[in-house]
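What follows is entry.cif (mmCIF, C-alpha atoms).
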```cif
data_data
#
loop_
_atom_site.label_atom_id
_atom_site.label_comp_id
_atom_site.auth_asym_id
_atom_site.auth_seq_id
_atom_site.Cartn_x
_atom_site.Cartn_y
_atom_site.Cartn_z
CA MET F 1 15.14 -12.89 78.27
CA THR F 2 17.48 -12.16 75.38
CA ASP F 3 16.47 -10.57 72.13
CA THR F 4 16.01 -12.92 69.20
CA VAL F 5 17.68 -11.96 65.95
CA VAL F 6 15.80 -13.16 62.89
CA GLU F 7 17.99 -13.76 59.86
CA VAL F 8 16.36 -13.40 56.47
CA ALA F 9 18.32 -14.68 53.54
CA GLY F 10 17.56 -13.03 50.24
CA ALA F 11 19.14 -11.75 47.09
CA ASP F 12 20.02 -8.06 46.89
CA THR F 13 17.73 -6.74 44.14
CA ARG F 14 18.52 -3.06 44.52
CA ARG F 15 20.57 -2.80 41.34
CA ALA F 16 17.90 -4.64 39.36
CA THR F 17 15.15 -2.36 40.68
CA ARG F 18 17.21 0.71 39.82
CA TRP F 19 17.58 -0.51 36.24
CA PHE F 20 13.88 -1.39 36.10
CA ALA F 21 12.92 2.08 37.34
CA ALA F 22 15.26 3.84 34.92
CA LEU F 23 13.96 1.92 31.91
CA LEU F 24 10.30 2.26 32.90
CA LEU F 25 10.24 5.98 33.75
CA PRO F 26 9.95 7.54 30.27
CA ILE F 27 7.72 4.83 28.77
CA GLY F 28 4.36 6.11 30.08
CA PRO F 29 4.76 9.77 29.07
CA ALA F 30 6.19 8.72 25.70
CA ALA F 31 3.20 6.42 25.10
CA VAL F 32 0.78 9.24 25.87
CA ALA F 33 2.76 11.59 23.62
CA LEU F 34 2.27 9.17 20.71
CA LEU F 35 -1.35 8.58 21.70
CA ARG F 36 -2.17 12.28 21.67
CA TYR F 37 -0.32 12.84 18.38
CA PHE F 38 -2.06 10.00 16.50
CA LEU F 39 -5.48 10.50 18.08
CA PRO F 40 -7.88 10.69 15.11
CA TYR F 41 -10.08 13.35 16.72
CA ASP F 42 -9.79 16.53 18.78
CA THR F 43 -10.89 16.37 22.40
CA ALA F 44 -13.21 19.35 22.00
CA ASP F 45 -15.02 17.93 18.94
CA ALA F 46 -18.73 17.09 19.04
CA PRO F 47 -19.53 13.44 19.91
CA ALA F 48 -20.77 12.66 16.39
CA THR F 49 -17.54 14.02 14.92
CA ILE F 50 -15.41 12.06 17.40
CA VAL F 51 -17.23 8.81 16.68
CA GLY F 52 -17.09 9.38 12.93
CA ASP F 53 -13.34 10.07 13.00
CA MET F 54 -12.67 6.97 15.10
CA LEU F 55 -14.78 4.71 12.89
CA ALA F 56 -13.08 6.07 9.78
CA GLN F 57 -9.60 5.09 11.04
CA PRO F 58 -9.87 1.82 13.01
CA GLY F 59 -6.20 0.92 12.56
CA ARG F 60 -5.04 4.25 13.90
CA MET F 61 -7.52 3.99 16.76
CA SER F 62 -6.21 0.53 17.60
CA PHE F 63 -2.70 1.97 17.92
CA VAL F 64 -4.07 4.69 20.23
CA LEU F 65 -5.67 2.02 22.41
CA TRP F 66 -2.40 0.10 22.63
CA MET F 67 -0.54 3.26 23.69
CA GLY F 68 -3.22 3.93 26.30
CA PHE F 69 -2.79 0.41 27.65
CA VAL F 70 0.99 0.90 27.94
CA ALA F 71 0.47 4.23 29.71
CA ILE F 72 -2.00 2.74 32.18
CA LEU F 73 0.53 0.06 33.17
CA THR F 74 3.52 2.39 33.56
CA LEU F 75 2.47 5.88 34.70
CA VAL F 76 1.69 5.10 38.35
CA PRO F 77 4.93 3.17 39.06
CA ALA F 78 6.85 5.90 37.20
CA VAL F 79 5.69 8.70 39.50
CA TYR F 80 6.30 6.44 42.49
CA PHE F 81 9.94 6.05 41.42
CA VAL F 82 10.31 9.80 40.92
CA GLY F 83 8.84 10.31 44.38
CA ARG F 84 11.40 7.91 45.87
CA LEU F 85 14.12 10.19 44.55
CA THR F 86 12.61 13.48 45.76
CA ARG F 87 10.89 12.57 49.04
CA ARG F 88 13.90 13.07 51.33
CA ARG F 89 14.68 16.61 50.20
CA ALA F 90 11.16 17.73 49.24
CA PRO F 91 8.79 15.56 51.32
CA ARG F 92 5.75 17.84 51.31
CA LEU F 93 5.90 18.64 47.61
CA THR F 94 6.42 14.96 46.80
CA ALA F 95 3.49 13.89 48.96
CA ALA F 96 1.18 16.52 47.45
CA ALA F 97 2.23 15.56 43.92
CA LEU F 98 1.61 11.85 44.46
CA VAL F 99 -1.74 12.46 46.17
CA LEU F 100 -2.83 14.17 42.94
CA LEU F 101 -1.01 12.03 40.37
CA VAL F 102 -1.78 8.51 41.55
CA PRO F 103 -5.61 8.94 41.62
CA GLY F 104 -5.39 10.94 38.40
CA TYR F 105 -3.59 8.19 36.53
CA LEU F 106 -5.77 5.49 38.10
CA ALA F 107 -8.82 7.28 36.64
CA LEU F 108 -7.38 7.01 33.12
CA PRO F 109 -8.80 3.54 32.30
CA TRP F 110 -12.30 4.79 33.14
CA LEU F 111 -11.90 7.53 30.54
CA ALA F 112 -10.21 5.37 27.90
CA SER F 113 -13.02 2.81 28.03
CA SER F 114 -15.28 4.99 25.85
CA ASP F 115 -12.73 4.92 23.02
CA TYR F 116 -12.53 1.15 23.27
CA TYR F 117 -16.31 0.73 23.03
CA VAL F 118 -16.46 2.95 19.94
CA TRP F 119 -13.68 0.92 18.29
CA ALA F 120 -15.38 -2.35 19.29
CA GLY F 121 -18.75 -1.13 18.01
CA GLY F 122 -17.22 -0.28 14.65
CA LYS F 123 -15.42 -3.62 14.50
CA ALA F 124 -18.71 -5.38 15.20
CA GLY F 125 -20.43 -3.47 12.39
CA LEU F 126 -22.84 -1.53 14.59
CA ASP F 127 -24.64 1.54 13.27
CA ALA F 128 -22.70 4.80 13.70
CA GLY F 129 -25.78 6.53 15.08
CA ALA F 130 -26.24 3.90 17.77
CA ILE F 131 -22.55 4.08 18.69
CA THR F 132 -22.81 7.86 18.96
CA ARG F 133 -25.81 7.62 21.27
CA MET F 134 -23.91 5.16 23.43
CA TYR F 135 -20.87 7.45 23.44
CA GLU F 136 -23.05 10.36 24.59
CA THR F 137 -24.66 8.30 27.37
CA ILE F 138 -22.21 8.38 30.25
CA HIS F 139 -22.38 7.48 33.90
CA PRO F 140 -21.69 10.32 36.42
CA THR F 141 -18.55 8.50 37.52
CA VAL F 142 -17.01 9.27 34.12
CA ASP F 143 -17.41 13.02 34.77
CA VAL F 144 -15.83 12.60 38.21
CA ALA F 145 -12.99 10.56 36.71
CA GLY F 146 -12.41 13.32 34.16
CA VAL F 147 -12.02 15.95 36.88
CA VAL F 148 -9.74 13.68 38.93
CA PHE F 149 -7.60 12.94 35.89
CA VAL F 150 -7.27 16.50 34.61
CA LEU F 151 -6.54 18.11 37.98
CA GLY F 152 -4.41 15.19 39.08
CA HIS F 153 -2.08 14.88 36.13
CA VAL F 154 -1.74 18.60 35.38
CA LEU F 155 -1.28 19.99 38.90
CA GLY F 156 0.44 16.85 40.14
CA THR F 157 3.08 16.89 37.40
CA VAL F 158 3.79 20.58 38.04
CA LEU F 159 4.27 19.89 41.75
CA LEU F 160 6.45 16.87 40.99
CA GLY F 161 8.61 19.03 38.74
CA VAL F 162 8.93 21.63 41.50
CA ALA F 163 9.94 18.81 43.86
CA LEU F 164 12.66 17.81 41.38
CA TRP F 165 13.82 21.44 41.30
CA ARG F 166 13.89 21.70 45.09
CA ALA F 167 15.50 18.29 45.65
CA ARG F 168 18.26 18.97 43.08
CA VAL F 169 18.50 15.30 42.19
CA VAL F 170 18.51 16.08 38.45
CA GLY F 171 19.59 19.04 36.36
CA ARG F 172 17.36 22.08 36.58
CA TRP F 173 16.56 21.69 32.89
CA ALA F 174 14.93 18.29 33.58
CA ALA F 175 12.83 19.79 36.37
CA VAL F 176 11.71 22.58 34.02
CA CYS F 177 10.79 20.04 31.34
CA THR F 178 8.57 18.28 33.87
CA ILE F 179 7.03 21.48 35.22
CA VAL F 180 5.99 22.90 31.84
CA SER F 181 5.01 19.62 30.16
CA GLN F 182 1.39 19.42 31.32
CA PRO F 183 0.54 23.13 30.99
CA ILE F 184 1.71 22.75 27.38
CA HIS F 185 -0.50 19.66 27.03
CA LEU F 186 -3.46 21.64 28.41
CA ALA F 187 -2.80 24.43 25.93
CA ALA F 188 -2.60 21.86 23.13
CA VAL F 189 -6.05 20.52 24.07
CA ILE F 190 -7.49 24.04 24.03
CA VAL F 191 -6.03 25.01 20.64
CA ALA F 192 -6.46 21.46 19.21
CA SER F 193 -2.80 20.96 18.27
CA HIS F 194 -1.63 17.36 18.22
CA THR F 195 1.93 18.43 17.47
CA LEU F 196 2.00 20.67 20.54
CA ASP F 197 0.57 17.80 22.57
CA LEU F 198 3.36 15.52 21.35
CA PHE F 199 5.86 18.17 22.44
CA GLY F 200 4.28 18.62 25.89
CA TRP F 201 4.13 14.95 26.83
CA GLY F 202 7.50 14.46 25.16
CA LEU F 203 9.00 16.97 27.59
CA GLN F 204 7.68 14.92 30.49
CA ALA F 205 9.25 11.80 28.96
CA VAL F 206 12.57 13.65 28.70
CA GLY F 207 12.34 14.87 32.29
CA PHE F 208 11.52 11.37 33.54
CA ALA F 209 14.36 9.88 31.48
CA ALA F 210 16.72 12.28 33.27
CA VAL F 211 15.36 11.01 36.59
CA GLY F 212 16.05 7.47 35.39
CA TRP F 213 19.65 8.39 34.61
CA ALA F 214 20.00 9.90 38.08
CA ILE F 215 18.66 6.66 39.61
CA LEU F 216 21.23 4.61 37.66
CA ARG F 217 24.01 6.78 39.08
CA LEU F 218 22.93 6.19 42.68
CA ARG F 219 24.68 3.79 44.98
CA ASP F 220 22.55 0.87 46.06
CA ASP F 221 22.61 2.11 49.67
CA ASP F 222 21.24 5.49 48.55
CA TRP F 223 18.41 3.81 46.67
CA ASP F 224 17.11 1.39 49.29
CA LEU F 225 17.96 -0.51 52.44
CA PRO F 226 19.83 -3.79 51.95
CA PRO F 227 18.04 -7.08 52.61
CA LEU F 228 18.34 -8.48 56.13
CA ARG F 229 21.06 -11.05 56.60
#
```
So, in terms of structure tokens, how does the structure I just supplied come out?
Amino acid sequence: MTDTVVEVAGADTRRATRWFAALLLPIGPAAVALLRYFLPYDTADAPATIVGDMLAQPGRMSFVLWMGFVAILTLVPAVYFVGRLTRRRAPRLTAAALVLLVPGYLALPWLASSDYYVWAGGKAGLDAGAITRMYETIHPTVDVAGVVFVLGHVLGTVLLGVALWRARVVGRWAAVCTIVSQPIHLAAVIVASHTLDLFGWGLQAVGFAAVGWAILRLRDDDWDLPPLR
């Protein structure tokens, strides 16, 4: 019996996917940078203060929700594309980073939902006291999602930056930007500095943009296998 060769005709999309990856990479971190800068409250504020600040600035809160929506759509594919670039030369670091980052980013919609309900309650004209009580009443899964998100995106981004450093697929400066971005974000949450938060997430956007540039400079054969002919 002879082997059967199956021919699959298809367009070569490798160049298009490289351009897609390069353009997408900085969008998520940049969206979160703007979100954190324009957030009308501080994360450590009391629930009544948070609700009051959100209800007082519905337009600003609507912008924050839009940026959160953009981030939710783009962060997971972004770290996947970074991992594609680092996995050959730093496989263990890449795997550990993605195991943390992907669940962390997937937990983000669960956390952002509370902001949406406060905005929707204000838009519907509900009483601020009732909205605050609803905001304070959370399901245990929200606490779990918070832990998954914080540990995932802080530790995962640091490990991904170290993978970039080890893989040497971008300049060391871009790896450093990625490594320090989320510790800076964490410090910004602690000291309640929106400007510092903008800087921290902005560094991640810069680091990811450098990865995008490196992807554009790859040959198609270094990016992916060609389609079967």
(message) Residues within 7 Å of Leu100 (chain F), please, as a list in words. Count only C-alpha atoms; anything in the same chain fewer than 2 positions from it doesn't count.
(response)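 My list of contacting residues is Ala96, Ala97, Leu98, Val102, Pro103, Gly104, Gly152, His153 and Gly156 of chain F.
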(request) Just say which residues the PyMOL selection byres ((chain F and resi 129) around 12) picks in this file, as JSON, numbers by chain. (result) {"F": [47, 48, 49, 50, 51, 52, 55, 118, 121, 122, 125, 126, 127, 128, 130, 131, 132, 133, 134, 135, 136]}
(request) Check which residues satisfy the PyMOL selection byres ((chain F and resi 33-35) around 8) in the file shown, then give them as a PyMOL selection string. (result) chain F and resi 29-32+36-39+63-65+67-68+197-202
(request) Have a look at F:Leu216, F:Ala187, F:Leu108, F:Leu25 and name the one nearest to Val79 (chain F); count all atoms listed in the file. (result)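 Closest candidate: F:Leu25.
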(request) Take the PyMOL selection byres ((chain F and resi 220) around 10), apply it to the structure above, and return the hits as a VMD selection string. (result) chain F and resid 12 to 18 215 to 219 221 to 226
(request) Mind giving me the straight-line distance from CA of Val158 (chain F) to CA of Thr178 (chain F) in Å, one decimal? (result)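 Straight-line distance from CA of Val158 (chain F) to CA of Thr178 (chain F) works out to 6.7 Å.
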(request) Write out as a PyMOL selection string which residues come within 7 Å of Trp110 (chain F) when counting only C-alpha atoms, dropping same-chain ones fewer than 3 positions away. (result) chain F and resi 107+113+142+145
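When all atoms listed in the file are used to compute distances to Gly212 (chain F), the closest of the residues F:Phe81, F:Phe69, F:Tyr117, F:Trp173 turns out to be F:Phe81.
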(request) Measuring atom to atom with all atoms listed in the file, identify which of F:Gly207, F:Gly161, F:Gly146, F:Pro26 is nearest to Thr74 (chain F). (result)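 Looking at the shortest contact to Thr74 (chain F), the residue is F:Pro26.
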(request) For CA of Ala205 (chain F) and CA of Arg166 (chain F), quote the distance in Å rounded to one decimal. (result) 19.5 Å
(request) Determine the nearest neighbour of Gly28 (chain F) from the options F:Ala71, F:Ala112, F:Val176, F:Met61, counting all atoms listed in the file. (result) F:Ala71
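Distances to Val144 (chain F) were evaluated for F:Val82, F:Ala11, F:Leu111, F:Leu186 using all atoms listed in the file, and the minimum falls at F:Leu111.
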(message) So that I can see what lies close to Leu93 (chain F), please list as a ChimeraX atom specification the residues with an atom at most 9 Å from it, counting all atoms listed in the file and leaving out residues fewer than 6 positions away in the same chain.
(response) /F:86-87,159-160,162-163,166
(request) Between F:Thr137, F:Ser181, F:Thr157, F:Thr43, single out the one closest to His194 (chain F), counting all atoms listed in the file. (result) F:Thr43
